[in-house]
>>> print(open('upload.txt').read())   # compact mmCIF, C-alpha atoms and all ligand atoms
# COMPACT_ATOMS: atom_id res chain seq x y z
CA MET A 27 -18.56 17.51 16.65
CA GLU A 28 -21.35 18.21 19.10
CA PRO A 29 -21.79 21.34 21.22
CA ILE A 30 -22.74 20.91 24.87
CA LYS A 31 -25.63 22.87 26.30
CA ILE A 32 -24.84 24.63 29.59
CA THR A 33 -27.94 26.79 30.05
CA GLU A 34 -30.94 27.59 27.84
CA ASN A 35 -28.82 29.80 25.57
CA ILE A 36 -25.18 29.14 26.48
CA TYR A 37 -23.16 26.34 24.90
CA TRP A 38 -19.67 24.89 25.12
CA VAL A 39 -18.20 24.90 21.61
CA GLY A 40 -14.50 24.31 22.33
CA ALA A 41 -12.02 21.62 21.35
CA VAL A 42 -10.52 18.59 23.08
CA ASP A 43 -6.79 17.97 22.70
CA TYR A 44 -6.27 14.37 23.77
CA ASP A 45 -2.65 14.31 22.63
CA ILE A 46 -0.92 17.34 24.12
CA ARG A 47 1.70 16.41 26.69
CA ASP A 48 4.03 19.43 26.72
CA PHE A 49 2.22 22.65 27.50
CA HIS A 50 4.99 25.28 27.30
CA GLY A 51 7.28 23.16 29.42
CA TYR A 52 4.59 21.82 31.73
CA LEU A 53 3.63 18.17 31.50
CA THR A 54 -0.05 17.53 30.72
CA PRO A 55 -0.30 13.76 31.16
CA ARG A 56 -4.05 13.70 30.44
CA GLY A 57 -4.20 16.23 27.60
CA SER A 58 -6.32 19.36 27.74
CA THR A 59 -9.29 21.20 26.33
CA TYR A 60 -9.51 24.66 24.82
CA ASN A 61 -12.90 25.85 25.91
CA ALA A 62 -14.94 28.34 23.93
CA TYR A 63 -18.55 29.31 24.59
CA LEU A 64 -21.43 30.55 22.49
CA ILE A 65 -24.16 32.80 23.91
CA VAL A 66 -27.23 32.81 21.72
CA ASP A 67 -29.01 36.08 22.41
CA LYS A 68 -30.19 38.75 20.01
CA LYS A 69 -26.52 39.34 19.44
CA ILE A 70 -24.79 35.98 19.09
CA THR A 71 -21.52 36.12 20.99
CA LEU A 72 -18.55 33.77 20.96
CA ILE A 73 -16.41 33.79 24.12
CA ASP A 74 -12.78 32.91 23.33
CA THR A 75 -11.52 30.68 20.56
CA VAL A 76 -9.12 27.74 20.50
CA LYS A 77 -5.53 26.86 19.78
CA HIS A 78 -4.48 27.11 16.13
CA GLY A 79 -5.31 23.84 14.40
CA PHE A 80 -8.60 23.36 16.26
CA GLU A 81 -10.60 26.07 14.44
CA ASP A 82 -12.63 23.57 12.41
CA GLU A 83 -13.61 21.68 15.56
CA LEU A 84 -14.95 24.89 17.11
CA LEU A 85 -16.76 25.92 13.93
CA SER A 86 -18.32 22.50 13.48
CA ARG A 87 -19.73 22.61 17.01
CA VAL A 88 -21.05 26.14 16.45
CA ALA A 89 -22.64 25.02 13.18
CA LYS A 90 -24.82 22.55 15.10
CA ILE A 91 -26.38 25.54 16.87
CA VAL A 92 -26.25 28.42 14.37
CA ASP A 93 -24.64 29.23 11.07
CA PRO A 94 -21.18 30.50 12.17
CA THR A 95 -21.55 33.57 9.94
CA LYS A 96 -24.47 34.61 12.19
CA ILE A 97 -22.06 35.22 15.11
CA ASP A 98 -22.22 38.97 15.75
CA GLN A 99 -19.26 39.50 18.05
CA VAL A 100 -16.38 37.73 19.75
CA VAL A 101 -14.94 38.29 23.21
CA SER A 102 -11.31 37.38 23.88
CA ASN A 103 -10.81 37.01 27.61
CA HIS A 104 -7.16 36.01 27.26
CA ALA A 105 -4.62 36.54 24.50
CA GLU A 106 -2.45 33.48 25.11
CA MET A 107 -2.09 31.39 21.94
CA ASP A 108 -3.95 28.36 23.29
CA HIS A 109 -7.06 30.56 23.12
CA SER A 110 -6.16 33.23 20.60
CA GLY A 111 -4.21 31.12 18.10
CA GLY A 112 -7.44 30.15 16.35
CA LEU A 113 -8.83 33.68 16.33
CA PRO A 114 -7.70 34.75 12.82
CA GLY A 115 -9.06 31.56 11.26
CA VAL A 116 -12.35 31.77 13.14
CA MET A 117 -12.80 35.45 12.22
CA LYS A 118 -12.07 34.67 8.59
CA ALA A 119 -14.86 32.09 8.68
CA ILE A 120 -17.43 34.23 10.49
CA GLY A 121 -16.57 37.63 9.00
CA LEU A 122 -13.46 39.72 9.58
CA GLU A 123 -15.53 42.85 10.04
CA LYS A 124 -17.15 41.47 13.22
CA PRO A 125 -15.83 43.10 16.39
CA VAL A 126 -13.45 41.24 18.69
CA TYR A 127 -13.71 42.66 22.20
CA ALA A 128 -10.81 42.39 24.64
CA SER A 129 -9.31 44.33 27.54
CA THR A 130 -7.18 47.34 26.61
CA LEU A 131 -4.05 45.23 26.95
CA GLY A 132 -5.79 42.38 25.15
CA VAL A 133 -6.29 44.64 22.14
CA LYS A 134 -2.61 45.53 22.30
CA ASN A 135 -1.45 41.92 22.63
CA LEU A 136 -3.78 40.52 19.97
CA GLY A 137 -2.77 43.37 17.67
CA GLY A 138 0.86 42.42 18.23
CA GLN A 139 0.27 38.72 17.64
CA PHE A 140 -1.88 39.10 14.53
CA LYS A 141 -0.62 42.28 12.87
CA ASP A 142 -1.73 41.40 9.37
CA ALA A 143 -4.87 39.41 10.16
CA GLY A 144 -7.23 42.38 9.70
CA LEU A 145 -9.00 41.83 13.02
CA ASN A 146 -11.51 44.45 14.15
CA LEU A 147 -10.23 44.73 17.72
CA LYS A 148 -12.12 46.83 20.25
CA ALA A 149 -11.42 47.51 23.92
CA VAL A 150 -14.31 46.64 26.22
CA GLU A 151 -15.92 49.38 28.21
CA GLY A 152 -17.38 47.76 31.32
CA LYS A 153 -20.16 45.79 29.68
CA LEU A 154 -21.51 44.58 26.38
CA ASP A 155 -25.12 44.43 25.29
CA LEU A 156 -26.21 40.99 24.12
CA GLY A 157 -29.77 41.98 23.28
CA SER A 158 -31.78 40.77 26.23
CA GLU A 159 -28.89 40.06 28.59
CA GLU A 160 -25.58 41.76 29.16
CA LEU A 161 -22.01 40.67 29.57
CA VAL A 162 -20.07 42.41 32.33
CA PHE A 163 -16.26 42.50 32.25
CA LEU A 164 -13.84 42.30 35.13
CA GLU A 165 -10.16 42.95 34.51
CA THR A 166 -7.95 40.28 36.07
CA ARG A 167 -4.62 41.77 35.07
CA MET A 168 -1.68 39.39 35.63
CA ILE A 169 -3.97 36.45 36.39
CA HIS A 170 -2.08 35.28 34.64
CA TRP A 171 -1.29 37.59 31.69
CA PRO A 172 -1.51 41.39 31.50
CA ASP A 173 -4.52 41.17 29.19
CA SER A 174 -6.57 38.66 31.21
CA MET A 175 -10.17 39.43 32.06
CA PHE A 176 -13.32 37.63 33.22
CA SER A 177 -16.73 38.01 31.58
CA PHE A 178 -19.96 37.53 33.54
CA VAL A 179 -23.61 37.11 32.58
CA PRO A 180 -25.32 38.41 35.75
CA ALA A 181 -28.81 37.37 34.65
CA GLN A 182 -27.73 33.70 34.74
CA GLY A 183 -24.79 33.88 37.14
CA VAL A 184 -22.43 32.47 34.52
CA LEU A 185 -18.78 33.44 34.87
CA PHE A 186 -16.33 32.96 32.00
CA SER A 187 -13.06 32.81 33.90
CA GLN A 188 -10.49 32.19 31.12
CA ASP A 189 -7.59 30.23 32.67
CA GLY A 190 -8.88 30.73 36.24
CA PHE A 191 -10.39 27.59 37.84
CA GLY A 192 -9.19 25.49 34.93
CA LEU A 193 -7.28 22.23 34.74
CA HIS A 194 -5.74 20.15 32.00
CA LEU A 195 -7.89 17.11 31.38
CA ALA A 196 -9.09 15.83 28.02
CA THR A 197 -12.35 13.93 28.42
CA PRO A 198 -15.74 13.86 26.73
CA GLU A 199 -17.28 14.86 30.09
CA ARG A 200 -17.78 18.59 30.42
CA PHE A 201 -19.10 19.12 33.96
CA ASP A 202 -17.78 18.86 37.51
CA ASP A 203 -20.57 16.49 38.53
CA GLN A 204 -19.40 13.97 35.91
CA ILE A 205 -15.85 13.55 37.21
CA SER A 206 -14.83 12.70 40.76
CA GLU A 207 -12.58 14.98 42.79
CA GLU A 208 -10.28 11.99 43.23
CA ILE A 209 -9.46 12.35 39.52
CA TRP A 210 -9.57 16.10 39.04
CA GLY A 211 -8.20 17.21 42.43
CA PRO A 212 -4.51 16.45 41.74
CA LEU A 213 -4.83 17.90 38.22
CA ALA A 214 -6.32 21.12 39.58
CA LEU A 215 -3.46 21.53 42.05
CA ASN A 216 -0.96 20.67 39.32
CA TYR A 217 -2.48 23.42 37.16
CA PHE A 218 -2.57 25.99 39.95
CA ALA A 219 1.00 25.26 41.11
CA ASN A 220 2.50 25.45 37.64
CA ILE A 221 0.51 28.32 36.17
CA LEU A 222 -0.85 30.53 38.91
CA THR A 223 1.67 30.37 41.78
CA PRO A 224 3.50 33.59 40.79
CA TYR A 225 0.20 35.47 40.95
CA THR A 226 -1.25 34.31 44.26
CA GLY A 227 -1.12 37.87 45.61
CA GLN A 228 -3.27 39.16 42.74
CA ILE A 229 -5.65 36.20 43.05
CA ALA A 230 -6.11 36.76 46.79
CA LYS A 231 -6.95 40.42 46.13
CA LEU A 232 -9.38 39.48 43.38
CA ILE A 233 -11.20 37.01 45.64
CA GLU A 234 -11.41 39.69 48.34
CA LYS A 235 -12.80 42.22 45.87
CA VAL A 236 -15.35 39.84 44.43
CA ALA A 237 -16.46 38.92 47.96
CA ALA A 238 -16.63 42.58 49.04
CA ASP A 239 -18.73 43.43 45.98
CA GLY A 240 -21.18 40.68 46.96
CA LEU A 241 -20.59 38.79 43.71
CA ILE A 242 -19.76 35.35 45.11
CA PRO A 243 -23.36 34.27 45.83
CA GLN A 244 -24.28 35.42 42.31
CA ILE A 245 -21.87 32.98 40.66
CA LYS A 246 -23.87 29.88 39.72
CA ILE A 247 -21.70 28.41 36.99
CA ILE A 248 -17.99 28.87 36.26
CA CYS A 249 -16.86 28.29 32.69
CA PRO A 250 -13.04 28.19 32.48
CA ASP A 251 -10.92 27.94 29.35
CA HIS A 252 -9.55 24.49 30.27
CA GLY A 253 -11.09 21.38 31.76
CA PHE A 254 -14.65 21.06 33.03
CA ILE A 255 -17.43 23.52 33.77
CA TRP A 256 -18.29 24.04 37.44
CA ARG A 257 -22.09 23.80 37.48
CA GLN A 258 -22.71 21.64 40.54
CA ASN A 259 -20.27 23.16 42.98
CA PRO A 260 -18.61 26.40 41.84
CA GLY A 261 -18.09 27.15 45.53
CA ARG A 262 -15.55 24.30 45.65
CA ALA A 263 -13.41 26.10 43.05
CA LEU A 264 -13.45 29.28 45.12
CA GLU A 265 -12.77 27.35 48.30
CA LEU A 266 -9.69 25.65 46.83
CA TYR A 267 -8.30 28.87 45.37
CA SER A 268 -8.86 30.71 48.67
CA ALA A 269 -6.78 28.03 50.39
CA TRP A 270 -4.07 27.70 47.73
CA VAL A 271 -3.34 31.43 47.49
CA GLN A 272 -2.16 31.33 51.10
CA GLN A 273 0.78 29.05 50.17
CA LYS A 274 0.57 27.52 53.61
CA PRO A 275 3.14 24.70 53.83
CA LYS A 276 2.41 21.26 55.22
CA ARG A 277 4.80 19.34 57.43
CA LYS A 278 6.32 17.91 54.28
CA ALA A 279 9.71 17.74 52.56
CA VAL A 280 10.52 17.12 48.91
CA ILE A 281 13.91 15.55 48.22
CA VAL A 282 14.78 16.03 44.58
CA PHE A 283 18.06 15.26 42.88
CA ASP A 284 19.96 14.00 39.89
CA THR A 285 22.95 11.72 40.05
CA MET A 286 25.94 10.66 37.92
CA TRP A 287 27.31 7.53 39.57
CA HIS A 288 24.74 6.99 42.36
CA SER A 289 26.52 8.87 45.19
CA THR A 290 24.06 11.79 45.22
CA GLU A 291 21.26 9.26 44.86
CA TYR A 292 22.55 7.44 47.93
CA MET A 293 22.59 10.72 49.85
CA ALA A 294 19.01 11.43 48.80
CA ARG A 295 17.87 8.04 50.03
CA GLU A 296 19.55 8.52 53.39
CA LEU A 297 17.95 11.95 53.76
CA ALA A 298 14.52 10.57 52.87
CA ASP A 299 14.84 8.02 55.68
CA TYR A 300 16.00 10.63 58.22
CA LEU A 301 13.19 13.03 57.41
CA TYR A 302 10.58 10.30 57.50
CA THR A 303 11.72 9.05 60.90
CA GLN A 304 11.27 12.59 62.19
CA GLY A 305 7.57 12.46 61.31
CA ILE A 306 7.88 14.56 58.15
CA GLU A 307 5.82 13.57 55.12
CA THR A 308 8.62 12.88 52.65
CA ARG A 309 8.59 12.81 48.86
CA TYR A 310 11.54 11.45 46.88
CA TYR A 311 12.03 12.57 43.28
CA SER A 312 14.76 11.61 40.86
CA LEU A 313 15.03 14.00 37.92
CA LYS A 314 15.99 10.97 35.83
CA ASN A 315 12.34 9.99 35.71
CA GLN A 316 10.30 12.96 36.94
CA HIS A 317 9.26 16.04 35.04
CA ARG A 318 10.00 19.47 36.48
CA SER A 319 6.29 20.34 36.63
CA ALA A 320 5.43 17.19 38.61
CA VAL A 321 8.16 18.10 41.10
CA ALA A 322 6.89 21.70 41.27
CA THR A 323 3.41 20.44 42.16
CA GLU A 324 4.83 18.36 45.01
CA CYS A 325 6.83 21.37 46.18
CA TYR A 326 3.74 23.60 46.27
CA ASP A 327 2.52 22.54 49.68
CA ALA A 328 5.87 21.32 51.05
CA ALA A 329 7.66 23.21 53.80
CA ALA A 330 11.12 22.03 52.70
CA ILE A 331 12.75 21.47 49.34
CA MET A 332 16.07 19.61 49.49
CA VAL A 333 17.98 19.64 46.23
CA GLY A 334 20.81 17.25 45.40
CA THR A 335 23.32 17.53 42.61
CA PRO A 336 26.67 16.08 41.58
CA THR A 337 29.31 18.48 40.26
CA ILE A 338 29.97 18.28 36.55
CA ASN A 339 32.60 20.50 34.94
CA ASN A 340 32.44 22.92 37.88
CA GLN A 341 28.65 23.24 37.63
CA MET A 342 25.51 21.72 39.06
CA PHE A 343 23.90 18.99 36.96
CA PRO A 344 21.94 20.45 33.96
CA SER A 345 18.65 18.83 35.02
CA VAL A 346 19.01 20.41 38.47
CA ALA A 347 19.67 23.82 36.91
CA ASP A 348 16.54 23.32 34.81
CA LEU A 349 14.48 22.57 37.91
CA LEU A 350 15.83 25.53 39.86
CA CYS A 351 15.20 27.89 36.94
CA TYR A 352 11.62 26.62 36.79
CA LEU A 353 11.02 26.82 40.55
CA LYS A 354 12.53 30.31 40.65
CA SER A 355 10.05 31.50 38.04
CA LEU A 356 7.16 30.19 40.15
CA LYS A 357 8.22 32.37 43.13
CA MET A 358 6.94 29.97 45.78
CA LYS A 359 6.73 31.39 49.26
CA ASN A 360 7.36 30.00 52.77
CA LYS A 361 9.99 27.47 51.77
CA ILE A 362 12.92 26.00 53.62
CA GLY A 363 15.75 25.04 51.30
CA ALA A 364 18.71 22.69 51.60
CA SER A 365 21.32 21.34 49.24
CA PHE A 366 23.55 18.32 49.07
CA GLY A 367 25.61 16.44 46.55
CA SER A 368 28.69 14.45 45.68
CA TYR A 369 31.77 15.46 43.72
CA GLY A 370 35.13 14.17 42.60
CA TRP A 371 37.56 17.09 42.88
CA SER A 372 36.22 20.67 42.53
CA GLY A 373 32.78 20.28 44.19
CA GLU A 374 30.94 23.48 43.18
CA GLY A 375 27.57 21.82 42.45
CA ALA A 376 25.91 21.81 45.89
CA LYS A 377 27.36 25.24 46.72
CA LEU A 378 25.82 26.68 43.55
CA VAL A 379 22.47 25.12 44.43
CA GLN A 380 22.67 26.58 47.91
CA ALA A 381 23.40 30.05 46.50
CA GLU A 382 20.49 29.77 44.10
CA LEU A 383 18.08 28.70 46.83
CA LYS A 384 19.16 31.79 48.74
CA THR A 385 18.40 34.09 45.81
CA MET A 386 14.97 32.42 45.64
CA GLY A 387 14.25 33.64 49.16
CA TYR A 388 14.21 30.21 50.78
CA GLU A 389 15.15 29.91 54.45
CA LEU A 390 18.42 27.95 54.69
CA PRO A 391 18.82 26.39 58.15
CA SER A 392 22.07 24.58 57.27
CA ASP A 393 25.09 24.81 54.99
CA GLU A 394 25.18 22.44 52.05
CA VAL A 395 26.42 18.92 52.67
CA ARG A 396 28.97 17.68 50.17
CA VAL A 397 30.56 14.25 49.85
CA GLN A 398 33.71 13.52 47.90
CA TRP A 399 33.42 10.45 45.72
CA VAL A 400 31.27 7.93 47.61
CA PRO A 401 29.50 8.46 50.97
CA GLN A 402 31.35 6.96 53.97
CA GLU A 403 30.29 6.50 57.58
CA LYS A 404 31.43 10.03 58.58
CA ASP A 405 29.40 11.50 55.70
CA LEU A 406 26.29 9.79 56.96
CA ALA A 407 26.62 11.71 60.19
CA SER A 408 26.68 15.02 58.26
CA LEU A 409 23.66 13.93 56.26
CA LYS A 410 21.81 12.92 59.38
CA ALA A 411 22.57 16.31 60.92
CA LEU A 412 21.21 18.01 57.80
CA GLY A 413 18.07 15.88 57.92
CA LEU A 414 17.50 16.66 61.60
CA THR A 415 18.09 20.39 61.12
CA VAL A 416 15.63 20.57 58.25
CA ALA A 417 13.09 18.46 60.14
CA GLU A 418 13.30 20.84 63.11
CA ALA A 419 12.86 23.86 60.84
CA VAL A 420 9.83 22.20 59.19
CA LYS A 421 8.25 21.54 62.58
CA LYS A 422 8.66 25.19 63.53
CA GLN A 423 6.80 26.47 60.45
FE1 LIG A 501 -4.81 28.76 28.71
FE2 LIG A 501 -2.87 31.33 29.69
O1 LIG A 501 -3.66 30.19 28.48
>>> encode(input="upload.txt", output="structure tokens")
Amino acid sequence: MEPIKITENIYWVGAVDYDIRDFHGYLTPRGSTYNAYLIVDKKITLIDTVKHGFEDELLSRVAKIVDPTKIDQVVSNHAEMDHSGGLPGVMKAIGLEKPVYASTLGVKNLGGQFKDAGLNLKAVEGKLDLGSEELVFLETRMIHWPDSMFSFVPAQGVLFSQDGFGLHLATPERFDDQISEEIWGPLALNYFANILTPYTGQIAKLIEKVAADGLIPQIKIICPDHGFIWRQNPGRALELYSAWVQQKPKRKAVIVFDTMWHSTEYMARELADYLYTQGIETRYYSLKNQHRSAVATECYDAAAIMVGTPTINNQMFPSVADLLCYLKSLKMKNKIGASFGSYGWSGEGAKLVQAELKTMGYELPSDEVRVQWVPQEKDLASLKALGLTVAEAVKKQ
């Protein structure tokens, strides 16, 4: 396994996971990478490790540069297992006595995860001496874990941003100038929508602080923990994040549903046509063939989310409940919600969806539309009214 040189003395030494498809409930259709970096200064420093199972890949890349036992210290920017899972194994290989630096909460979290691993955990204090250069730390609490922090080599303008500015893409290419935005753009939005949406407030504040401190022009290279390294255009990463944190909706509606015997599906199709004829960009998603995280990505920049469900045993459909639970956790802002669905006798499904959308803080311009058994002509009028009401609300946003 070969390391990749980033600057004269900084290398990528991470691992590529071509096979992962389920990343804690989020679909990663093109795999991912667990990025780790080696700084070869007087003190040889490893930044982050990899997911458990990929330790040998990391060590074999390091071994092409230096004997792994020559690593003097390790920095853990983020204690989530896709980066920390390999830490005990890597420390065992390089020397358990070597210090592992993390934020105060990182020390706490790593200590909790690896109680018996004998790690020499130390909380960072502002900066770390590398010999001729220094590593400066910036706490990024709740972006996206309590322990998260960035590390920065000011002398070279290299920012190690842990999950920030990452994306899930397994390729041999390691740099932004080797992959077109056509390929990585949707993956970057997918990553942001599914991982960082709940923390857009914190990210906006961080960007403001970094700008106010005059740090942005100093950032020449961004090295995230997933995906490629931004060496050609780190400004593009900052530009996208500055836009995405605003959660500004487009004139767009997502119609998402599940169906038992096609009645709710029929309603969804009618609604899609009505919205489209009103000049609204319309996306149609059946939960029979779409993953919750793909739907969430589409919802990210949509003004309206219209959710359809049949009633089953007095409840909404399980796949719809799954989606709503997921969307609720993402805490998306500036959304219009609507619900619809068919039923046979009790008909609670669409009402439950409507109530849930309300607890999520969505604006609800209409009551739910429910159809008993199979949609008839009179039902189409109700659906059309729902479509028009939502379209009007979207246009007002
Ligand atoms: Fe890539 Fe939050 O771990």
>>> axis_aligned_box(input="upload.txt", around="segment 341-360 of chain A", padding_each_side="8 Å", output="JSON")
{"center_x": 17.7, "center_y": 25.6, "center_z": 43.4, "size_x": 37.9, "size_y": 29.5, "size_z": 34.8}
>>> closest_residue(input="upload.txt", among="A:Val184, A:Leu145, A:Ile169, A:Val39", to="ligand LIG 501 (chain A)", atoms="all atoms listed in the file")
A:Ile169
>>> atom_distance(input="upload.txt", atom1="atom CA of Gln272 of chain A", atom2="atom CA of Val346 of chain A")
27.0 Å
>>> residues_around(input="upload.txt", residues="Pro29 of chain A", least_positions_apart="2", cutoff="8 Å", atoms="all atoms listed in the file", output="list in words")
Met27, Lys31, Tyr37, Trp38, Val39, Gly40, Arg87, Val88, Lys90 and Ile91 of chain A
>>> residues_near_point(input="upload.txt", point="(5.3, 23.8, 49.8)", cutoff="9 Å", atoms="only C-alpha atoms", output="list of chain:residue names")
A:Gln273, A:Lys274, A:Pro275, A:Lys276, A:Arg277, A:Lys278, A:Ala279, A:Val280, A:Ala322, A:Thr323, A:Glu324, A:Cys325, A:Tyr326, A:Asp327, A:Ala328, A:Ala329, A:Ala330, A:Ile331, A:Met358, A:Lys359, A:Asn360, A:Lys361, A:Ile362
>>> residues_around(input="upload.txt", residues="Thr335 of chain A", least_positions_apart="3", cutoff="7 Å", atoms="all atoms listed in the file", output="PyMOL selection string")
chain A and resi 283-285+290+342-343+346+366-368+375-376
>>> residues_around(input="upload.txt", residues="Gly363 of chain A", least_positions_apart="6", cutoff="10 Å", atoms="only C-alpha atoms", output="MDAnalysis selection string")
chainID A and resid 279:280 329:333 379:380 382:384 386:392 394 416
>>> write_last_selection(input="upload.txt", atoms="C-alpha atoms", output="PDB file, keeping the file's coordinate frame")
ATOM      1  CA  ALA A 279       9.710  17.740  52.560  1.00  0.00           C
ATOM      2  CA  VAL A 280      10.520  17.120  48.910  1.00  0.00           C
ATOM      3  CA  ALA A 329       7.660  23.210  53.800  1.00  0.00           C
ATOM      4  CA  ALA A 330      11.120  22.030  52.700  1.00  0.00           C
ATOM      5  CA  ILE A 331      12.750  21.470  49.340  1.00  0.00           C
ATOM      6  CA  MET A 332      16.070  19.610  49.490  1.00  0.00           C
ATOM      7  CA  VAL A 333      17.980  19.640  46.230  1.00  0.00           C
ATOM      8  CA  VAL A 379      22.470  25.120  44.430  1.00  0.00           C
ATOM      9  CA  GLN A 380      22.670  26.580  47.910  1.00  0.00           C
ATOM     10  CA  GLU A 382      20.490  29.770  44.100  1.00  0.00           C
ATOM     11  CA  LEU A 383      18.080  28.700  46.830  1.00  0.00           C
ATOM     12  CA  LYS A 384      19.160  31.790  48.740  1.00  0.00           C
ATOM     13  CA  MET A 386      14.970  32.420  45.640  1.00  0.00           C
ATOM     14  CA  GLY A 387      14.250  33.640  49.160  1.00  0.00           C
ATOM     15  CA  TYR A 388      14.210  30.210  50.780  1.00  0.00           C
ATOM     16  CA  GLU A 389      15.150  29.910  54.450  1.00  0.00           C
ATOM     17  CA  LEU A 390      18.420  27.950  54.690  1.00  0.00           C
ATOM     18  CA  PRO A 391      18.820  26.390  58.150  1.00  0.00           C
ATOM     19  CA  SER A 392      22.070  24.580  57.270  1.00  0.00           C
ATOM     20  CA  GLU A 394      25.180  22.440  52.050  1.00  0.00           C
ATOM     21  CA  VAL A 416      15.630  20.570  58.250  1.00  0.00           C
TER      22      VAL A 416
END
>>> closest_atom_pairs(input="upload.txt", of="chain A", to="ligand LIG 501 (chain A)", cutoff="12 Å", atoms="only C-alpha atoms and all ligand atoms", output="CSV")
residue,atom,partner,partner_atom,distance
A:Phe49,CA,A:LIG501,FE1,9.4
A:His50,CA,A:LIG501,O1,10.0
A:Ser58,CA,A:LIG501,FE1,9.6
A:Thr59,CA,A:LIG501,FE1,9.1
A:Tyr60,CA,A:LIG501,FE1,7.4
A:Asn61,CA,A:LIG501,FE1,9.0
A:Ala62,CA,A:LIG501,FE1,11.2
A:Asp74,CA,A:LIG501,FE1,10.5
A:Thr75,CA,A:LIG501,FE1,10.7
A:Val76,CA,A:LIG501,FE1,9.3
A:Lys77,CA,A:LIG501,FE1,9.2
A:Ser102,CA,A:LIG501,O1,11.5
A:Asn103,CA,A:LIG501,O1,9.9
A:His104,CA,A:LIG501,FE2,6.8
A:Ala105,CA,A:LIG501,O1,7.6
A:Glu106,CA,A:LIG501,O1,4.9
A:Met107,CA,A:LIG501,O1,6.8
A:Asp108,CA,A:LIG501,FE1,5.5
A:His109,CA,A:LIG501,FE1,6.3
A:Ser110,CA,A:LIG501,O1,8.8
A:Gly111,CA,A:LIG501,O1,10.4
A:Arg167,CA,A:LIG501,FE2,11.9
A:Met168,CA,A:LIG501,FE2,10.1
A:Ile169,CA,A:LIG501,FE2,8.5
A:His170,CA,A:LIG501,FE2,6.4
A:Trp171,CA,A:LIG501,FE2,6.8
A:Pro172,CA,A:LIG501,FE2,10.3
A:Asp173,CA,A:LIG501,FE2,10.0
A:Ser174,CA,A:LIG501,FE2,8.4
A:Met175,CA,A:LIG501,FE2,11.2
A:Ser187,CA,A:LIG501,FE1,10.6
A:Gln188,CA,A:LIG501,FE1,7.1
A:Asp189,CA,A:LIG501,FE1,5.1
A:Gly190,CA,A:LIG501,FE1,8.8
A:Phe191,CA,A:LIG501,FE1,10.8
A:Gly192,CA,A:LIG501,FE1,8.3
A:Leu193,CA,A:LIG501,FE1,9.2
A:His194,CA,A:LIG501,FE1,9.3
A:Tyr217,CA,A:LIG501,FE1,10.3
A:Phe218,CA,A:LIG501,FE2,11.6
A:Asn220,CA,A:LIG501,FE2,11.3
A:Ile221,CA,A:LIG501,FE2,7.9
A:Leu222,CA,A:LIG501,FE2,9.5
A:Pro250,CA,A:LIG501,FE1,9.1
A:Asp251,CA,A:LIG501,FE1,6.2
A:His252,CA,A:LIG501,FE1,6.6
A:Gly253,CA,A:LIG501,FE1,10.2
>>> atom_distance(input="upload.txt", atom1="atom CA of Glu234 of chain A", atom2="atom CA of Ser319 of chain A")
28.7 Å
>>> closest_residue(input="upload.txt", among="A:Phe201, A:Phe140, A:Trp256, A:Tyr267", to="Ala230 of chain A", atoms="all atoms listed in the file")
A:Tyr267
>>> closest_residue(input="upload.txt", among="A:Val42, A:Ile306, A:Leu185, A:Val179", to="Thr197 of chain A", atoms="only C-alpha atoms")
A:Val42
>>> closest_residue(input="upload.txt", among="A:Ser372, A:Gln304, A:Thr223, A:Ser177", to="Val271 of chain A", atoms="all atoms listed in the file")
A:Thr223
>>> atom_distance(input="upload.txt", atom1="atom CA of Lys68 of chain A", atom2="atom CA of Val162 of chain A")
16.4 Å
>>> residues_around(input="upload.txt", residues="Gly152 of chain A", least_positions_apart="3", cutoff="9 Å", atoms="only C-alpha atoms", output="list of chain:residue names")
A:Leu161, A:Val162, A:Phe163, A:Leu164
>>> residues_near_point(input="upload.txt", point="(-20.1, 18.1, 31.8)", cutoff="9 Å", atoms="only C-alpha atoms", output="ChimeraX atom specification")
/A:30,32,198-205,254-257
>>> write_last_selection(input="upload.txt", atoms="C-alpha atoms", output="PDB file, keeping the file's coordinate frame")
ATOM      1  CA  ILE A  30     -22.740  20.910  24.870  1.00  0.00           C
ATOM      2  CA  ILE A  32     -24.840  24.630  29.590  1.00  0.00           C
ATOM      3  CA  PRO A 198     -15.740  13.860  26.730  1.00  0.00           C
ATOM      4  CA  GLU A 199     -17.280  14.860  30.090  1.00  0.00           C
ATOM      5  CA  ARG A 200     -17.780  18.590  30.420  1.00  0.00           C
ATOM      6  CA  PHE A 201     -19.100  19.120  33.960  1.00  0.00           C
ATOM      7  CA  ASP A 202     -17.780  18.860  37.510  1.00  0.00           C
ATOM      8  CA  ASP A 203     -20.570  16.490  38.530  1.00  0.00           C
ATOM      9  CA  GLN A 204     -19.400  13.970  35.910  1.00  0.00           C
ATOM     10  CA  ILE A 205     -15.850  13.550  37.210  1.00  0.00           C
ATOM     11  CA  PHE A 254     -14.650  21.060  33.030  1.00  0.00           C
ATOM     12  CA  ILE A 255     -17.430  23.520  33.770  1.00  0.00           C
ATOM     13  CA  TRP A 256     -18.290  24.040  37.440  1.00  0.00           C
ATOM     14  CA  ARG A 257     -22.090  23.800  37.480  1.00  0.00           C
TER      15      ARG A 257
END
>>> closest_residue(input="upload.txt", among="A:Thr166, A:Leu156, A:Trp399, A:Leu85", to="Tyr225 of chain A", atoms="all atoms listed in the file")
A:Thr166
>>> closest_residue(input="upload.txt", among="A:Thr95, A:Gln423, A:Ser206, A:Thr226", to="Asn259 of chain A", atoms="only C-alpha atoms")
A:Ser206
>>> residues_around(input="upload.txt", residues="Ile120 of chain A", least_positions_apart="6", cutoff="8 Å", atoms="only C-alpha atoms", output="list in words")
Pro94, Thr95, Lys96 and Ile97 of chain A
